[in-house]
Amino acid sequence: MKFEFILSNTKKQKQMLNANDRPHWTQKAKITAFLRDTAARAGRQCNCTPYSKKRPCGLVVTIYAPTKRRLDPPNFYPTVKALVDGLTDAGIWTDDNSEVIKFMTFKRGGPSEIPGKYRIRLEIKELL
């Protein structure tokens with residue numbers, strides 16, 4: 001199962017959180033709420049059986065950047081955490097702990113092909 005999110009990261013429209021950034025707590029809270037709500041709406045459209053301890057999964061996170069500059073994908077963990085929390089709210093998994101989501105891997109996917117926007121793909125892999 002895959003979820004894809006198109007997010008802006010400009011000064012006027014900041015929709016992503018980076019581990020290296022130090023935003024004011026109110027700005028961070030607004031972005032987190034936006035990301036969580038966006039993921040919850042996407043997750044509610046999926047009519048699937050929730051992942052659980054008895055049905056664990058792994059998560060592969062692919063970051064597509066708007067430029068060819070160097071990128072450290074794990075730095076976007078705060079963004080991904082908010083998206084994962086939104087999918088938890090939507091019932092994609094019973095909880096986002098390590099007994100349900102066994103691993104989370106980050107990788108770079110190349111250019112997003114959308115000027116000024118990042119594309120984040122969350123691929124859920126069921127573990128047998």
# chains A, B, ... in the order shown; residues from 1 in each chain; ligands from 1

call {"tool": "select_by_dssp", "arguments": {"residues": "chain A", "states": "alpha helix (DSSP H)", "output": "ChimeraX atom specification"}}
result
/A:25-44,77-90

call {"tool": "write_last_selection", "arguments": {"atoms": "C-alpha atoms", "output": "PDB file, in the first residue's frame"}}
result
ATOM      1  CA  TRP A  25       6.645  26.057  18.750  1.00  0.00           C
ATOM      2  CA  THR A  26       3.418  27.610  17.413  1.00  0.00           C
ATOM      3  CA  GLN A  27       4.643  27.373  13.815  1.00  0.00           C
ATOM      4  CA  LYS A  28       5.743  23.769  14.390  1.00  0.00           C
ATOM      5  CA  ALA A  29       2.355  22.919  15.927  1.00  0.00           C
ATOM      6  CA  LYS A  30       0.486  24.369  12.925  1.00  0.00           C
ATOM      7  CA  ILE A  31       2.599  22.426  10.438  1.00  0.00           C
ATOM      8  CA  THR A  32       2.274  19.215  12.475  1.00  0.00           C
ATOM      9  CA  ALA A  33      -1.517  19.602  12.660  1.00  0.00           C
ATOM     10  CA  PHE A  34      -1.686  20.225   8.898  1.00  0.00           C
ATOM     11  CA  LEU A  35       0.430  17.137   8.113  1.00  0.00           C
ATOM     12  CA  ARG A  36      -1.477  14.932  10.523  1.00  0.00           C
ATOM     13  CA  ASP A  37      -4.839  16.041   9.114  1.00  0.00           C
ATOM     14  CA  THR A  38      -3.659  15.596   5.511  1.00  0.00           C
ATOM     15  CA  ALA A  39      -2.491  12.034   6.194  1.00  0.00           C
ATOM     16  CA  ALA A  40      -5.655  11.181   8.143  1.00  0.00           C
ATOM     17  CA  ARG A  41      -7.836  12.298   5.225  1.00  0.00           C
ATOM     18  CA  ALA A  42      -5.764  10.210   2.798  1.00  0.00           C
ATOM     19  CA  GLY A  43      -5.833   7.197   5.121  1.00  0.00           C
ATOM     20  CA  ARG A  44      -9.598   7.281   5.596  1.00  0.00           C
ATOM     21  CA  TYR A  77      11.662  12.416  10.197  1.00  0.00           C
ATOM     22  CA  PRO A  78       9.543  15.083  11.983  1.00  0.00           C
ATOM     23  CA  THR A  79       7.448  15.429   8.804  1.00  0.00           C
ATOM     24  CA  VAL A  80       7.126  11.661   8.429  1.00  0.00           C
ATOM     25  CA  LYS A  81       6.221  11.228  12.110  1.00  0.00           C
ATOM     26  CA  ALA A  82       3.295  13.648  11.723  1.00  0.00           C
ATOM     27  CA  LEU A  83       2.145  11.780   8.590  1.00  0.00           C
ATOM     28  CA  VAL A  84       2.419   8.414  10.381  1.00  0.00           C
ATOM     29  CA  ASP A  85       0.392   9.804  13.305  1.00  0.00           C
ATOM     30  CA  GLY A  86      -2.288  10.903  10.827  1.00  0.00           C
ATOM     31  CA  LEU A  87      -2.401   7.410   9.330  1.00  0.00           C
ATOM     32  CA  THR A  88      -2.754   6.050  12.870  1.00  0.00           C
ATOM     33  CA  ASP A  89      -5.722   8.396  13.391  1.00  0.00           C
ATOM     34  CA  ALA A  90      -7.223   7.020  10.160  1.00  0.00           C
TER      35      ALA A  90
END

call {"tool": "residues_around", "arguments": {"residues": "Lys53 in chain A", "least_positions_apart": "5", "cutoff": "9 Å", "atoms": "only C-alpha atoms", "output": "ChimeraX atom specification"}}
result
/A:94-95,99-101

call {"tool": "closest_residue", "arguments": {"among": "A:Arg22, A:Arg121, A:Lys2, A:Lys11", "to": "Phe106 in chain A", "atoms": "only C-alpha atoms"}}
result
A:Arg121

call {"tool": "closest_residue", "arguments": {"among": "A:Ile6, A:Gln15, A:Glu113, A:Lys125", "to": "Pro56 in chain A", "atoms": "only C-alpha atoms"}}
result
A:Lys125

call {"tool": "atom_distance", "arguments": {"atom1": "CA of Pro73 in chain A", "atom2": "CA of Arg55 in chain A"}}
result
27.2 Å

call {"tool": "select_by_dssp", "arguments": {"residues": "chain A", "states": "strand (DSSP E)", "output": "number ranges by chain"}}
result
A: 2-8, 57-65, 101-111, 117-126

call {"tool": "write_last_selection", "arguments": {"atoms": "C-alpha atoms", "output": "PDB file, in the first residue's frame"}}
result
ATOM      1  CA  LYS A   2       1.353   3.430  -0.922  1.00  0.00           C
ATOM      2  CA  PHE A   3       0.535   6.968   0.119  1.00  0.00           C
ATOM      3  CA  GLU A   4       1.984   9.981  -1.638  1.00  0.00           C
ATOM      4  CA  PHE A   5       2.021  13.550  -0.368  1.00  0.00           C
ATOM      5  CA  ILE A   6       2.987  16.698  -2.293  1.00  0.00           C
ATOM      6  CA  LEU A   7       4.316  19.326   0.126  1.00  0.00           C
ATOM      7  CA  SER A   8       5.716  22.828  -0.213  1.00  0.00           C
ATOM      8  CA  CYS A  57       4.452  -4.046   8.615  1.00  0.00           C
ATOM      9  CA  GLY A  58       7.470  -2.031   7.569  1.00  0.00           C
ATOM     10  CA  LEU A  59       7.577   1.482   6.177  1.00  0.00           C
ATOM     11  CA  VAL A  60       9.769   2.680   3.303  1.00  0.00           C
ATOM     12  CA  VAL A  61       9.892   6.475   3.056  1.00  0.00           C
ATOM     13  CA  THR A  62      11.047   7.941  -0.251  1.00  0.00           C
ATOM     14  CA  ILE A  63      11.755  11.673  -0.461  1.00  0.00           C
ATOM     15  CA  TYR A  64      11.628  13.333  -3.889  1.00  0.00           C
ATOM     16  CA  ALA A  65      13.188  16.814  -3.775  1.00  0.00           C
ATOM     17  CA  ILE A 101       5.771  -0.918  12.379  1.00  0.00           C
ATOM     18  CA  LYS A 102       8.895  -3.081  12.584  1.00  0.00           C
ATOM     19  CA  PHE A 103      11.146  -0.819  10.514  1.00  0.00           C
ATOM     20  CA  MET A 104      11.210   2.578   8.855  1.00  0.00           C
ATOM     21  CA  THR A 105      13.691   3.146   6.032  1.00  0.00           C
ATOM     22  CA  PHE A 106      14.457   6.501   4.412  1.00  0.00           C
ATOM     23  CA  LYS A 107      15.779   6.952   0.889  1.00  0.00           C
ATOM     24  CA  ARG A 108      16.076   9.621  -1.754  1.00  0.00           C
ATOM     25  CA  GLY A 109      13.952   9.126  -4.843  1.00  0.00           C
ATOM     26  CA  GLY A 110      15.321  11.753  -7.210  1.00  0.00           C
ATOM     27  CA  PRO A 111      13.621  14.900  -8.506  1.00  0.00           C
ATOM     28  CA  LYS A 117       7.418  20.972  -4.035  1.00  0.00           C
ATOM     29  CA  TYR A 118       8.628  17.859  -2.277  1.00  0.00           C
ATOM     30  CA  ARG A 119       6.969  14.524  -2.887  1.00  0.00           C
ATOM     31  CA  ILE A 120       6.941  12.057  -0.003  1.00  0.00           C
ATOM     32  CA  ARG A 121       5.970   8.465  -0.680  1.00  0.00           C
ATOM     33  CA  LEU A 122       5.149   6.162   2.216  1.00  0.00           C
ATOM     34  CA  GLU A 123       5.170   2.537   1.120  1.00  0.00           C
ATOM     35  CA  ILE A 124       3.767   0.086   3.645  1.00  0.00           C
ATOM     36  CA  LYS A 125       5.115  -3.446   3.320  1.00  0.00           C
ATOM     37  CA  GLU A 126       3.287  -6.242   5.071  1.00  0.00           C
TER      38      GLU A 126
END

call {"tool": "atom_distance", "arguments": {"atom1": "CA of Asp21 in chain A", "atom2": "CA of Asn9 in chain A"}}
result
11.8 Å

call {"tool": "closest_residue", "arguments": {"among": "A:Leu128, A:Ser98, A:Ile92, A:Arg70", "to": "Gln45 in chain A", "atoms": "only C-alpha atoms"}}
result
A:Ile92
